[in-house]
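Input: a single structure, listed below in structure tokens.
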Amino acid sequence: QDSTVVSPFATEYHAPVMFKECIDALLQQGVFGKLMEDKMERWRKKKSIAEAKLKKAGLLDDDDDDETSNSVETSKGIKRPRLFVDGTLGGGGHSQALLEQLNPEDILIGCDQDSEAISTASTRLSKYLGTSEYIVEKNGELTCGWGEGRPMFIPVQSNFRNLVDVLSTIRHPTSKKLLLGKRLKSQDGEESEEELEFPHGVNGMLLDLGVSSHQIDTGERG
């Protein structure tokens, strides 16, 4: 069977599996979107009942705001940028499928410890590439072709088991703000918390766990 029919994001390097299901789940659309919508509706009903009880008991004011909301929309209906992580970047097939559906100013971080994989994926996704600063071993020159009006791709060379530590050190290439995490910096001898680009955290993470066909097909690599 022709793999390009099954997956338009397949290359000689790698063919992403279940790419449509993965992207639908990450973006909460299609069948997965309906499931999440039903789940959120049940949560809203439970929340409404709980708040009504608290108000009746005098423990909640009418003007109290929900500061813990992780909605992608602000109170004015403006969509805030989203952050996604592909923890097993590989050939970049899943990342390309996701980037083609993301909004401008959304960011996708692609993580892989394999220098060949991350260079191959970064070349493939060069029109989204915002920086190559976090690639330790570069196999040739990379062109950062990201421009306004497109989502941004940031490749990070690291094992996904170190994601928690690694992600807290990455800065936005243009704003220079930390994307995630809490780091303290000294200002005039005093420590203060830095402003984060994504204070609400990651919107979705993809981990394609299993055996890499590229590692098996190329004997000296696996």
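Every chain in the structure tokens has a letter given in the order shown (A, B, ...), and although residue numbers restart at 1 in each chain, ligands are simply numbered from 1 in the order shown.
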
Could you build a table of the residues in range 26-141 of chain A lying no more than 8 Å from range 196-213 of chain A, giving for each the nearest pair of atoms and their separation in Å rounded to one decimal place, using only C-alpha atoms, ordered by chain and ascending residue number, as a tab-separated table?
residue	atom	partner	partner_atom	distance
A:Leu26	CA	A:Gly204	CA	5.5
A:Leu27	CA	A:Gly204	CA	7.8
A:Asn70	CA	A:His200	CA	5.9
A:Arg82	CA	A:Asn203	CA	6.1
A:Leu83	CA	A:Val202	CA	5.2
A:Phe84	CA	A:Gly204	CA	4.9
A:Val85	CA	A:Met205	CA	4.7
A:Asp86	CA	A:Leu206	CA	4.8
A:Gly87	CA	A:Leu207	CA	5.2
A:Thr88	CA	A:Leu207	CA	5.5

Those of range 14-158 of chain A in DSSP strand (DSSP E or B), formatted as a PyMOL selection string: chain A and resi 73+79+83-86+107-112+129+152-157

How about saving the chosen residues, C-alpha atoms kept, as a short mmCIF file (atom, residue, chain, number, x, y, z; two decimals), in the first residue's frame?
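The resulting part-v1.cif:
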data_model
loop_
_atom_site.label_atom_id
_atom_site.label_comp_id
_atom_site.auth_asym_id
_atom_site.auth_seq_id
_atom_site.Cartn_x
_atom_site.Cartn_y
_atom_site.Cartn_z
CA GLU A 73 -9.56 32.38 25.21
CA LYS A 79 -7.50 33.61 21.66
CA LEU A 83 2.08 25.78 23.59
CA PHE A 84 2.47 22.18 22.45
CA VAL A 85 5.30 19.67 22.89
CA ASP A 86 6.30 16.79 20.62
CA ILE A 107 4.46 27.41 19.58
CA LEU A 108 5.49 23.78 19.13
CA ILE A 109 8.58 22.45 20.88
CA GLY A 110 10.06 19.32 19.26
CA CYS A 111 12.35 17.21 21.42
CA ASP A 112 14.73 14.43 20.34
CA LEU A 129 11.81 27.31 12.66
CA MET A 152 6.67 28.71 15.57
CA PHE A 153 8.72 25.53 15.87
CA ILE A 154 11.49 25.30 18.47
CA PRO A 155 13.66 22.12 18.31
CA VAL A 156 15.33 20.95 21.50
CA GLN A 157 18.00 18.26 21.57
#
